[in-house]
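Okay, structure05.cif now, which holds mmCIF, C-alpha atoms:
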data_query
loop_
_atom_site.group_PDB
_atom_site.id
_atom_site.type_symbol
_atom_site.label_atom_id
_atom_site.label_comp_id
_atom_site.auth_asym_id
_atom_site.auth_seq_id
_atom_site.Cartn_x
_atom_site.Cartn_y
_atom_site.Cartn_z
ATOM 1 C CA MET A 94 0.000 0.000 0.000
ATOM 2 C CA ALA A 95 1.022 3.640 -0.427
ATOM 3 C CA ILE A 96 2.818 5.111 2.574
ATOM 4 C CA THR A 97 1.515 8.626 3.183
ATOM 5 C CA ALA A 98 3.209 11.542 4.920
ATOM 6 C CA GLN A 99 0.432 11.431 7.544
ATOM 7 C CA MET A 100 1.272 7.805 8.371
ATOM 8 C CA VAL A 101 4.944 8.663 8.753
ATOM 9 C CA LYS A 102 4.021 11.617 10.992
ATOM 10 C CA GLU A 103 1.808 9.417 13.191
ATOM 11 C CA LEU A 104 4.534 6.792 13.621
ATOM 12 C CA ARG A 105 7.071 9.496 14.468
ATOM 13 C CA GLU A 106 4.751 10.861 17.151
ATOM 14 C CA LYS A 107 4.222 7.391 18.627
ATOM 15 C CA THR A 108 7.863 6.333 18.665
ATOM 16 C CA GLY A 109 9.958 9.491 18.391
ATOM 17 C CA ALA A 110 12.031 7.755 15.704
ATOM 18 C CA GLY A 111 13.374 9.667 12.706
ATOM 19 C CA MET A 112 11.405 10.294 9.537
ATOM 20 C CA MET A 113 13.480 8.000 7.322
ATOM 21 C CA ASP A 114 13.326 5.174 9.875
ATOM 22 C CA CYS A 115 9.539 5.538 10.198
ATOM 23 C CA LYS A 116 9.061 5.486 6.432
ATOM 24 C CA LYS A 117 11.178 2.356 6.092
ATOM 25 C CA ALA A 118 9.327 0.637 8.966
ATOM 26 C CA LEU A 119 5.964 1.316 7.332
ATOM 27 C CA GLN A 120 7.221 0.070 3.971
ATOM 28 C CA GLU A 121 8.565 -3.113 5.543
ATOM 29 C CA THR A 122 5.277 -3.786 7.359
ATOM 30 C CA GLU A 123 2.983 -2.728 4.480
ATOM 31 C CA GLY A 124 1.577 0.180 6.441
ATOM 32 C CA ASP A 125 0.614 -1.745 9.590
ATOM 33 C CA MET A 126 1.137 0.806 12.376
ATOM 34 C CA GLU A 127 1.496 -1.695 15.252
ATOM 35 C CA LYS A 128 3.878 -3.901 13.286
ATOM 36 C CA ALA A 129 5.864 -0.823 12.304
ATOM 37 C CA ILE A 130 6.233 0.108 15.989
ATOM 38 C CA ASP A 131 7.450 -3.432 16.730
ATOM 39 C CA PHE A 132 9.818 -3.218 13.755
ATOM 40 C CA LEU A 133 11.386 -0.065 15.197
ATOM 41 C CA ARG A 134 11.627 -1.623 18.647
ATOM 42 C CA GLU A 135 13.316 -4.717 17.246
ATOM 43 C CA LYS A 136 15.865 -2.540 15.461
ATOM 44 C CA GLY A 137 16.562 -0.680 18.687
ATOM 45 C CA ILE A 138 15.303 2.563 17.175
ATOM 46 C CA ALA A 139 12.256 2.931 19.422
ATOM 47 C CA LYS A 140 14.588 2.420 22.369
ATOM 48 C CA ALA A 141 16.638 5.286 21.047
ATOM 49 C CA ALA A 142 13.530 7.420 20.712
ATOM 50 C CA LYS A 143 12.691 7.036 24.404
ATOM 51 C CA LYS A 144 15.889 8.896 25.163
ATOM 52 C CA GLY A 145 14.777 11.834 23.042
ATOM 53 C CA ASP A 146 13.832 14.058 25.963
ATOM 54 C CA ARG A 147 17.215 13.733 27.615
ATOM 55 C CA ILE A 148 19.786 16.506 27.418
ATOM 56 C CA ALA A 149 22.865 15.661 25.367
ATOM 57 C CA ALA A 150 25.328 18.393 26.289
ATOM 58 C CA GLU A 151 28.570 16.399 26.482
ATOM 59 C CA GLY A 152 30.399 14.797 23.583
ATOM 60 C CA LEU A 153 33.253 15.552 21.214
ATOM 61 C CA THR A 154 34.322 17.875 18.442
ATOM 62 C CA THR A 155 36.660 16.710 15.722
ATOM 63 C CA VAL A 156 38.302 18.043 12.571
ATOM 64 C CA LYS A 157 39.063 15.971 9.484
ATOM 65 C CA VAL A 158 41.262 17.338 6.712
ATOM 66 C CA ASP A 159 41.540 15.742 3.282
ATOM 67 C CA GLY A 160 43.636 17.737 0.835
ATOM 68 C CA ASN A 161 41.899 21.020 0.102
ATOM 69 C CA GLU A 162 38.741 20.110 2.026
ATOM 70 C CA ALA A 163 38.091 19.946 5.753
ATOM 71 C CA VAL A 164 35.157 19.422 8.096
ATOM 72 C CA ILE A 165 34.665 20.373 11.735
ATOM 73 C CA LEU A 166 31.780 18.811 13.648
ATOM 74 C CA GLU A 167 30.268 18.351 17.098
ATOM 75 C CA VAL A 168 28.574 15.129 18.197
ATOM 76 C CA ASN A 169 26.788 15.167 21.536
ATOM 77 C CA SER A 170 26.243 12.547 24.224
ATOM 78 C CA GLU A 171 24.594 12.775 27.639
ATOM 79 C CA THR A 172 27.689 12.145 29.753
ATOM 80 C CA ASP A 173 31.428 12.631 29.575
ATOM 81 C CA PHE A 174 31.817 8.898 30.270
ATOM 82 C CA VAL A 175 30.318 8.051 26.888
ATOM 83 C CA ALA A 176 32.409 10.744 25.170
ATOM 84 C CA LYS A 177 35.438 8.656 26.191
ATOM 85 C CA ASN A 178 33.823 5.430 24.920
ATOM 86 C CA GLU A 179 35.636 3.836 21.975
ATOM 87 C CA GLY A 180 32.340 3.116 20.212
ATOM 88 C CA PHE A 181 31.319 6.762 20.459
ATOM 89 C CA GLN A 182 34.695 7.950 19.206
ATOM 90 C CA THR A 183 34.396 5.588 16.244
ATOM 91 C CA LEU A 184 30.939 7.015 15.482
ATOM 92 C CA VAL A 185 32.367 10.543 15.465
ATOM 93 C CA LYS A 186 35.081 9.516 12.987
ATOM 94 C CA GLU A 187 32.537 7.760 10.739
ATOM 95 C CA LEU A 188 30.316 10.830 10.691
ATOM 96 C CA ALA A 189 33.291 13.076 9.861
ATOM 97 C CA GLU A 190 34.245 10.832 6.929
ATOM 98 C CA HIS A 191 30.684 10.792 5.611
ATOM 99 C CA LEU A 192 30.196 14.557 5.893
ATOM 100 C CA LEU A 193 33.447 15.316 4.101
ATOM 101 C CA ALA A 194 32.709 12.808 1.331
ATOM 102 C CA ASN A 195 29.051 13.786 0.768
ATOM 103 C CA LYS A 196 28.980 17.478 1.754
ATOM 104 C CA PRO A 197 25.382 17.868 2.919
ATOM 105 C CA SER A 198 24.223 21.457 3.382
ATOM 106 C CA SER A 199 22.578 20.874 6.771
ATOM 107 C CA VAL A 200 22.218 18.385 9.631
ATOM 108 C CA GLU A 201 18.717 17.600 8.340
ATOM 109 C CA GLU A 202 20.018 16.773 4.866
ATOM 110 C CA ALA A 203 22.825 14.684 6.352
ATOM 111 C CA ALA A 204 20.333 12.629 8.399
ATOM 112 C CA GLY A 205 18.683 11.245 5.269
ATOM 113 C CA GLN A 206 21.887 10.477 3.362
ATOM 114 C CA THR A 207 23.018 6.881 2.891
ATOM 115 C CA MET A 208 26.326 6.003 4.505
ATOM 116 C CA ALA A 209 28.933 3.564 3.204
ATOM 117 C CA ASN A 210 27.370 0.734 5.246
ATOM 118 C CA GLY A 211 24.018 1.157 3.458
ATOM 119 C CA SER A 212 22.064 2.716 6.342
ATOM 120 C CA THR A 213 21.027 6.335 6.598
ATOM 121 C CA LEU A 214 23.110 8.559 8.827
ATOM 122 C CA GLU A 215 20.115 8.934 11.145
ATOM 123 C CA SER A 216 19.697 5.146 11.410
ATOM 124 C CA HIS A 217 23.425 4.738 11.995
ATOM 125 C CA ILE A 218 23.274 7.131 14.955
ATOM 126 C CA ASN A 219 20.165 5.366 16.294
ATOM 127 C CA THR A 220 21.968 2.020 16.143
ATOM 128 C CA ALA A 221 24.777 3.557 18.205
ATOM 129 C CA ILE A 222 22.206 4.911 20.683
ATOM 130 C CA ALA A 223 20.717 1.442 21.141
ATOM 131 C CA LYS A 224 24.184 -0.017 21.667
ATOM 132 C CA ILE A 225 25.666 2.699 23.899
ATOM 133 C CA GLY A 226 22.500 3.485 25.848
ATOM 134 C CA GLU A 227 22.526 7.288 25.709
ATOM 135 C CA LYS A 228 21.001 9.979 23.560
ATOM 136 C CA LEU A 229 23.515 10.882 20.832
ATOM 137 C CA SER A 230 23.185 13.528 18.157
ATOM 138 C CA LEU A 231 25.074 15.219 15.355
ATOM 139 C CA ARG A 232 24.639 18.817 16.478
ATOM 140 C CA ARG A 233 26.471 20.867 13.852
ATOM 141 C CA PHE A 234 29.218 20.863 11.251
ATOM 142 C CA GLU A 235 30.917 23.117 8.722
ATOM 143 C CA ILE A 236 32.808 22.132 5.601
ATOM 144 C CA LYS A 237 35.565 24.413 4.273
ATOM 145 C CA THR A 238 37.681 24.428 1.124
ATOM 146 C CA LYS A 239 41.002 26.047 0.259
ATOM 147 C CA THR A 240 43.486 26.259 -2.603
ATOM 148 C CA ASP A 241 46.952 24.728 -2.908
ATOM 149 C CA ASN A 242 48.378 28.090 -1.781
ATOM 150 C CA ASP A 243 46.530 28.082 1.560
ATOM 151 C CA ALA A 244 46.767 26.130 4.810
ATOM 152 C CA PHE A 245 44.314 24.473 7.168
ATOM 153 C CA GLY A 246 45.019 24.600 10.879
ATOM 154 C CA ALA A 247 43.292 21.821 12.828
ATOM 155 C CA TYR A 248 43.502 21.730 16.613
ATOM 156 C CA LEU A 249 41.665 19.717 19.268
ATOM 157 C CA HIS A 250 41.927 20.741 22.915
ATOM 158 C CA MET A 251 41.349 18.315 25.802
ATOM 159 C CA GLY A 252 40.814 15.424 23.420
ATOM 160 C CA GLY A 253 38.086 17.219 21.499
ATOM 161 C CA ARG A 254 36.392 19.281 24.192
ATOM 162 C CA ILE A 255 37.202 22.264 21.965
ATOM 163 C CA GLY A 256 37.827 21.988 18.224
ATOM 164 C CA VAL A 257 39.171 24.716 15.941
ATOM 165 C CA LEU A 258 39.585 24.848 12.169
ATOM 166 C CA THR A 259 41.460 27.868 10.771
ATOM 167 C CA VAL A 260 42.065 28.748 7.129
ATOM 168 C CA LEU A 261 45.183 30.795 6.279
ATOM 169 C CA GLU A 262 45.408 32.403 2.838
ATOM 170 C CA GLY A 263 48.684 32.957 1.017
ATOM 171 C CA THR A 264 50.795 30.507 3.019
ATOM 172 C CA THR A 265 51.062 26.724 3.089
ATOM 173 C CA ASP A 266 52.545 26.719 6.588
ATOM 174 C CA GLU A 267 50.285 24.192 8.346
ATOM 175 C CA GLU A 268 52.259 24.447 11.587
ATOM 176 C CA ALA A 269 51.585 28.188 11.747
ATOM 177 C CA ALA A 270 47.906 27.557 10.991
ATOM 178 C CA LYS A 271 47.740 25.001 13.802
ATOM 179 C CA ASP A 272 49.413 27.477 16.191
ATOM 180 C CA VAL A 273 46.721 30.044 15.328
ATOM 181 C CA SER A 274 44.014 27.440 15.984
ATOM 182 C CA MET A 275 45.587 26.653 19.348
ATOM 183 C CA HIS A 276 45.527 30.366 20.181
ATOM 184 C CA ILE A 277 41.853 30.587 19.158
ATOM 185 C CA ALA A 278 41.015 27.574 21.337
ATOM 186 C CA ALA A 279 42.582 29.349 24.318
ATOM 187 C CA LEU A 280 41.340 32.931 23.876
ATOM 188 C CA ASN A 281 38.000 32.375 22.081
ATOM 189 C CA PRO A 282 37.895 35.436 19.792
ATOM 190 C CA LYS A 283 34.657 36.215 17.936
ATOM 191 C CA TYR A 284 36.085 37.767 14.763
ATOM 192 C CA VAL A 285 39.156 37.720 12.527
ATOM 193 C CA SER A 286 39.524 41.499 12.201
ATOM 194 C CA ARG A 287 37.951 44.791 13.210
ATOM 195 C CA ASP A 288 36.115 45.239 9.923
ATOM 196 C CA GLU A 289 34.014 42.152 10.723
ATOM 197 C CA VAL A 290 32.559 43.823 13.827
ATOM 198 C CA SER A 291 29.236 45.461 12.987
ATOM 199 C CA GLN A 292 28.811 49.203 13.460
ATOM 200 C CA GLU A 293 25.878 48.423 15.732
ATOM 201 C CA GLU A 294 28.094 46.361 18.059
ATOM 202 C CA VAL A 295 30.837 49.009 18.046
ATOM 203 C CA GLU A 296 28.339 51.776 18.836
ATOM 204 C CA ARG A 297 26.782 49.749 21.653
ATOM 205 C CA GLU A 298 30.218 49.180 23.163
ATOM 206 C CA ARG A 299 31.090 52.866 22.729
ATOM 207 C CA GLN A 300 27.948 53.889 24.643
ATOM 208 C CA VAL A 301 28.708 51.469 27.487
ATOM 209 C CA LEU A 302 32.306 52.669 27.755
ATOM 210 C CA THR A 303 31.188 56.312 27.661
ATOM 211 C CA GLN A 304 28.778 55.770 30.521
ATOM 212 C CA GLN A 305 31.439 53.886 32.488
ATOM 213 C CA ALA A 306 33.867 56.775 32.093
ATOM 214 C CA LEU A 307 31.242 59.332 33.143
ATOM 215 C CA ASN A 308 30.336 57.188 36.162
ATOM 216 C CA GLU A 309 34.014 57.192 37.130
ATOM 217 C CA GLY A 310 33.793 60.982 37.325
ATOM 218 C CA LYS A 311 36.029 61.639 34.336
ATOM 219 C CA PRO A 312 35.699 65.133 32.789
ATOM 220 C CA GLU A 313 33.436 65.159 29.721
ATOM 221 C CA ASN A 314 36.100 66.856 27.576
ATOM 222 C CA ILE A 315 38.419 63.816 27.823
ATOM 223 C CA VAL A 316 35.804 61.043 27.900
ATOM 224 C CA ALA A 317 35.609 60.684 24.112
ATOM 225 C CA LYS A 318 39.384 60.237 23.815
ATOM 226 C CA MET A 319 39.379 57.723 26.681
ATOM 227 C CA VAL A 320 36.550 55.769 25.112
ATOM 228 C CA GLU A 321 38.392 55.394 21.791
ATOM 229 C CA GLY A 322 41.396 54.035 23.705
ATOM 230 C CA ARG A 323 39.218 51.559 25.544
ATOM 231 C CA LEU A 324 37.548 50.536 22.285
ATOM 232 C CA GLY A 325 40.986 49.470 21.104
ATOM 233 C CA LYS A 326 41.172 47.155 24.101
ATOM 234 C CA TYR A 327 37.721 45.807 23.212
ATOM 235 C CA PHE A 328 38.901 44.955 19.697
ATOM 236 C CA GLU A 329 41.872 43.134 21.228
ATOM 237 C CA ASP A 330 39.419 41.012 23.201
ATOM 238 C CA VAL A 331 37.200 40.004 20.263
ATOM 239 C CA CYS A 332 39.420 40.112 17.140
ATOM 240 C CA VAL A 333 42.097 37.455 16.756
ATOM 241 C CA ASN A 334 44.320 39.660 14.571
ATOM 242 C CA ASP A 335 44.570 42.188 17.419
ATOM 243 C CA GLN A 336 45.253 39.674 20.191
ATOM 244 C CA ALA A 337 48.685 39.046 21.711
ATOM 245 C CA PHE A 338 49.838 35.675 20.385
ATOM 246 C CA VAL A 339 49.819 33.044 23.158
ATOM 247 C CA LYS A 340 53.174 31.637 21.991
ATOM 248 C CA ASN A 341 54.761 35.100 21.824
ATOM 249 C CA PRO A 342 52.838 37.811 23.748
ATOM 250 C CA ASP A 343 55.083 40.505 22.262
ATOM 251 C CA GLN A 344 53.580 39.842 18.819
ATOM 252 C CA LYS A 345 49.993 40.221 17.573
ATOM 253 C CA VAL A 346 48.465 37.157 15.923
ATOM 254 C CA GLY A 347 47.843 39.095 12.693
ATOM 255 C CA LYS A 348 51.517 40.101 12.525
ATOM 256 C CA PHE A 349 52.601 36.525 13.234
ATOM 257 C CA VAL A 350 50.577 35.270 10.271
ATOM 258 C CA GLU A 351 51.892 38.118 8.079
ATOM 259 C CA SER A 352 55.437 37.017 8.950
ATOM 260 C CA LYS A 353 54.558 33.660 7.382
ATOM 261 C CA GLY A 354 53.372 35.398 4.198
ATOM 262 C CA GLY A 355 49.673 34.945 4.786
ATOM 263 C CA LYS A 356 46.526 36.192 6.482
ATOM 264 C CA ILE A 357 43.669 34.579 8.394
ATOM 265 C CA ARG A 358 40.712 34.042 6.065
ATOM 266 C CA GLU A 359 38.348 32.513 8.622
ATOM 267 C CA PHE A 360 38.075 30.204 11.611
ATOM 268 C CA ILE A 361 35.453 28.009 13.269
ATOM 269 C CA ARG A 362 35.654 27.237 16.970
ATOM 270 C CA TYR A 363 33.344 24.637 18.527
ATOM 271 C CA GLU A 364 33.174 24.029 22.260
ATOM 272 C CA VAL A 365 31.198 20.985 23.335
ATOM 273 C CA GLY A 366 27.793 21.865 24.736
ATOM 274 C CA GLU A 367 28.092 25.646 24.360
ATOM 275 C CA GLY A 368 24.629 27.176 24.317
ATOM 276 C CA ILE A 369 22.929 23.994 25.578
ATOM 277 C CA GLU A 370 21.249 24.211 28.959
ATOM 278 C CA LYS A 371 22.838 21.409 30.921
ATOM 279 C CA ARG A 372 21.109 19.262 33.483
ATOM 280 C CA GLU A 373 22.462 19.784 37.000
ATOM 281 C CA ASP A 374 23.629 16.283 37.916
ATOM 282 C CA ASN A 375 26.329 15.919 40.508
ATOM 283 C CA PHE A 376 29.288 13.644 39.878
ATOM 284 C CA ALA A 377 28.170 10.887 42.256
ATOM 285 C CA GLU A 378 24.751 10.689 40.573
ATOM 286 C CA GLU A 379 26.385 10.524 37.149
ATOM 287 C CA VAL A 380 28.553 7.597 38.255
ATOM 288 C CA MET A 381 25.537 5.767 39.708
ATOM 289 C CA ASN A 382 23.554 6.357 36.523
ATOM 290 C CA GLN A 383 26.340 4.680 34.578
ATOM 291 C CA VAL A 384 26.564 1.738 37.025
ATOM 292 C CA LYS A 385 22.822 1.077 36.710
ATOM 293 C CA LYS A 386 22.883 0.850 32.896
#
How does the structure come out when it is put into C-alpha cells?
Amino acid sequence: MAITAQMVKELREKTGAGMMDCKKALQETEGDMEKAIDFLREKGIAKAAKKGDRIAAEGLTTVKVDGNEAVILEVNSETDFVAKNEGFQTLVKELAEHLLANKPSSVEEAAGQTMANGSTLESHINTAIAKIGEKLSLRRFEIKTKTDNDAFGAYLHMGGRIGVLTVLEGTTDEEAAKDVSMHIAALNPKYVSRDEVSQEEVERERQVLTQQALNEGKPENIVAKMVEGRLGKYFEDVCVNDQAFVKNPDQKVGKFVESKGGKIREFIRYEVGEGIEKREDNFAEEVMNQVKK
C-alpha cells in the first residue's frame, strides 16, 4: 500500500524515531502501524527514541582534513563517560568521513543520506544509541575548502572538548595555521579582524564605555578620547588579529601570520555543549547512573 506523509508523521509521534526510519518501517510492514512500531523496537530505534527528551550536552568535536577540504563537527552525548567510549569515538570519525565525502548542506540533509554501510546517517546514529545506551546527536558541522596556496590549521583541545579549524590564505605553513588554531582555542575570539565587527556592536560598546567613564567621574572633555582608547582594548578582546599571540605575547596574531606570508581568512571554533542548557547532575549521581545501565 502507499505510505503517506500522515502515516509517517503518526509513527514518528508514537515512537519518536526519525522520519526516514519511520518510512522504512511502514514500507517493511505494508503500512501496519502496530507492526511498524514493533519493527522499530526490534531494530533498537524505538529504544533510542525514548531517550529523546534527555539533554545531550557532552560529547566531542573533531576536525578531518583531506587535501583542500576539511570538516569540523560536534557530536553530543549525555555524559562525559560516553564521550570517552571507543564506540562513540568511532561514530564521530565515521560521521566526519561521511560529511566530508558527501557534503550535505545541513544536519537535516545529512540525516537522510546513505552512509557507506548502506544505512542512513540517522539510522546509523540510532543504532549507536541502542548499543551505547545514551542519547547521541550530530549537532552541527561546517565544511571548508582552500586552494593549494593556503593552509588548514586543525587543533583539538582536551581530546576534542574544543575543536578549531582555521584557514590561512597565502601561506602553506600548516604548523603556523595550527598554532593560530591553538591560540583561538585558548582565547576564544569572535572575529578575525575589526572590519568584521558590525557598526551596531561598536556603537553599543562605545555607549557602554562612555557611561562607564562618566560614572568614574572623568571630565566630559576627555571622555571621548578615553573611550576610543578603551575601544581598542575591546577589539583586542574580540578580534584574533589584534590579540597578543599566546606563543609570543610581544607579537599580535595578525603580525605573526603576516610574517609567514599569509593572512587569516576565517576560523570556526566549537566548544562541546556551548549554548545547551545542561542538566544539573552531581558527579556521584552521574557515576551511579552509569553503574545502573
Can you report as AutoDock Vina command-line options the centre and edge lengths in Å, to one decimal, of an axis-aligned box around the listed atoms of segment 324-335 of chain A padded with 6 Å on each side?
--center_x 40.9 --center_y 44.0 --center_z 19.3 --size_x 19.4 --size_y 25.1 --size_z 21.5
Residues at most 9 Å from Leu153 of chain A, counting only C-alpha atoms, excluding those fewer than 4 positions away in the same chain, as a list in words? Leu166, Glu167, Val168, Asn169, Ser170, Ala176, Lys177, Gln182, Val185, Gly252, Gly253, Arg254, Ile255, Gly256, Glu364 and Val365 of chain A
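Nearest to Val339 of chain A of all the residues A:Lys318, A:Arg323, A:His276, A:Lys239 is A:His276, counting all atoms listed in the file.
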Counting all atoms listed in the file, what is within 6 Å of Arg358 of chain A, bar same-chain residues fewer than 3 positions away, as a ChimeraX atom specification? /A:260-262
I need every residue sitting at most 12 Å from the point (35.6, 14.0, 10.0) (coordinates as in the file, all atoms listed in the file considered), written as a short mmCIF file (atom, residue, chain, number, x, y, z; two decimals) with C-alpha atoms, in the frame of the given file.
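The resulting out-v4.cif:
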data_model
loop_
_atom_site.label_atom_id
_atom_site.label_comp_id
_atom_site.auth_asym_id
_atom_site.auth_seq_id
_atom_site.Cartn_x
_atom_site.Cartn_y
_atom_site.Cartn_z
CA LEU A 153 33.25 15.55 21.21
CA THR A 154 34.32 17.88 18.44
CA THR A 155 36.66 16.71 15.72
CA VAL A 156 38.30 18.04 12.57
CA LYS A 157 39.06 15.97 9.48
CA VAL A 158 41.26 17.34 6.71
CA ASP A 159 41.54 15.74 3.28
CA GLU A 162 38.74 20.11 2.03
CA ALA A 163 38.09 19.95 5.75
CA VAL A 164 35.16 19.42 8.10
CA ILE A 165 34.66 20.37 11.74
CA LEU A 166 31.78 18.81 13.65
CA GLU A 167 30.27 18.35 17.10
CA VAL A 168 28.57 15.13 18.20
CA GLN A 182 34.70 7.95 19.21
CA THR A 183 34.40 5.59 16.24
CA LEU A 184 30.94 7.02 15.48
CA VAL A 185 32.37 10.54 15.46
CA LYS A 186 35.08 9.52 12.99
CA GLU A 187 32.54 7.76 10.74
CA LEU A 188 30.32 10.83 10.69
CA ALA A 189 33.29 13.08 9.86
CA GLU A 190 34.24 10.83 6.93
CA HIS A 191 30.68 10.79 5.61
CA LEU A 192 30.20 14.56 5.89
CA LEU A 193 33.45 15.32 4.10
CA ALA A 194 32.71 12.81 1.33
CA ASN A 195 29.05 13.79 0.77
CA LYS A 196 28.98 17.48 1.75
CA LEU A 231 25.07 15.22 15.36
CA PHE A 234 29.22 20.86 11.25
CA GLU A 235 30.92 23.12 8.72
CA ILE A 236 32.81 22.13 5.60
CA LYS A 237 35.56 24.41 4.27
CA ALA A 247 43.29 21.82 12.83
CA GLY A 256 37.83 21.99 18.22
CA LEU A 258 39.58 24.85 12.17
#
Point (26.3, 15.2, 28.8), cut-off 7 Å, counting all atoms listed in the file, residues as a ChimeraX atom specification: /A:148-152,170-173
Show me, as a PyMOL selection string, the residues that have an atom within 10 Å of Lys348 of chain A when counting only C-alpha atoms, minus same-chain residues fewer than 2 positions from it. chain A and resi 334-338+344-346+350-356
Any idea what's packed within 9 Å of Ile225 of chain A, counting only C-alpha atoms, ignoring anything in its chain fewer than 5 positions away? Could you give it as a count of residues only? 5
Counting all atoms listed in the file, the residue among A:Leu302, A:Val101, A:Ala110, A:Ala279 that lies closest to Lys326 of chain A is A:Leu302
Rounded to one decimal, what separation in Å do you get between atom CA of Pro342 of chain A and atom CA of Lys283 of chain A? 19.2 Å
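Every protein, DNA or RNA residue with an atom at most 8 Å from Gly205 of chain A, where all atoms listed in the file count and chain neighbours fewer than 2 positions away do not, is listed here: A:Met113, A:Glu201, A:Glu202, A:Ala203, A:Thr207, A:Thr213, A:Leu214, A:Glu215.
Candidate residues A:Ile138, A:Ile218, A:Val273, A:Met126 were compared for distance to Arg232 of chain A, and the nearest is A:Ile218, using only C-alpha atoms.
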Just so the selection is clear, what residues does the PyMOL selection byres ((chain A and resi 228) around 6) cover here, as a PyMOL selection string? chain A and resi 144+170+222+227+229
To test your reading of the syntax: which residues would the PyMOL selection byres ((chain A and resi 289) around 12) return for the file shown? Reply as a list in words. Pro282, Lys283, Tyr284, Val285, Ser286, Arg287, Asp288, Val290, Ser291, Gln292, Glu293, Glu294, Val295, Phe328, Val331, Cys332, Val333, Asn334, Arg358 and Glu359 of chain A
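The coordinates place atom CA of Ala209 of chain A at 28.9 Å from atom CA of Glu106 of chain A.
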Just say which residues the PyMOL selection byres ((chain A and resi 268) around 12) picks in this file, as number ranges by chain. A: 244-248, 259-261, 264-267, 269-275, 350, 353
Pairwise distance, atom CA of Thr108 of chain A with atom CA of Ile130 of chain A, equals 7.0 Å
Using the incomplete input, complete segment 108-120 of chain A to the level of N, CA and C atoms; output as a tab-separated table (two decimals), in the frame of the given file.
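Result saved to selection18.tsv:
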chain	number	residue	atom	x	y	z
A	108	THR	N	6.58	6.96	18.30
A	108	THR	CA	7.86	6.33	18.66
A	108	THR	C	8.99	7.34	18.90
A	109	GLY	N	8.87	8.52	18.30
A	109	GLY	CA	9.96	9.49	18.39
A	109	GLY	C	11.11	9.19	17.45
A	110	ALA	N	10.96	8.13	16.64
A	110	ALA	CA	12.03	7.76	15.70
A	110	ALA	C	12.09	8.76	14.55
A	111	GLY	N	13.19	8.73	13.81
A	111	GLY	CA	13.37	9.67	12.71
A	111	GLY	C	12.47	9.39	11.53
A	112	MET	N	12.31	10.39	10.68
A	112	MET	CA	11.40	10.29	9.54
A	112	MET	C	11.77	9.15	8.59
A	113	MET	N	13.06	9.05	8.27
A	113	MET	CA	13.48	8.00	7.32
A	113	MET	C	13.27	6.61	7.91
A	114	ASP	N	13.53	6.47	9.22
A	114	ASP	CA	13.33	5.17	9.88
A	114	ASP	C	11.84	4.81	9.90
A	115	CYS	N	10.99	5.80	10.16
A	115	CYS	CA	9.54	5.54	10.20
A	115	CYS	C	9.02	5.13	8.82
A	116	LYS	N	9.49	5.81	7.80
A	116	LYS	CA	9.06	5.49	6.43
A	116	LYS	C	9.47	4.06	6.06
A	117	LYS	N	10.70	3.71	6.40
A	117	LYS	CA	11.18	2.36	6.09
A	117	LYS	C	10.38	1.30	6.86
A	118	ALA	N	10.09	1.59	8.14
A	118	ALA	CA	9.33	0.64	8.97
A	118	ALA	C	7.94	0.40	8.38
A	119	LEU	N	7.30	1.44	7.93
A	119	LEU	CA	5.96	1.32	7.33
A	119	LEU	C	6.02	0.56	6.00
A	120	GLN	N	7.07	0.80	5.24
A	120	GLN	CA	7.22	0.07	3.97
A	120	GLN	C	7.44	-1.42	4.22
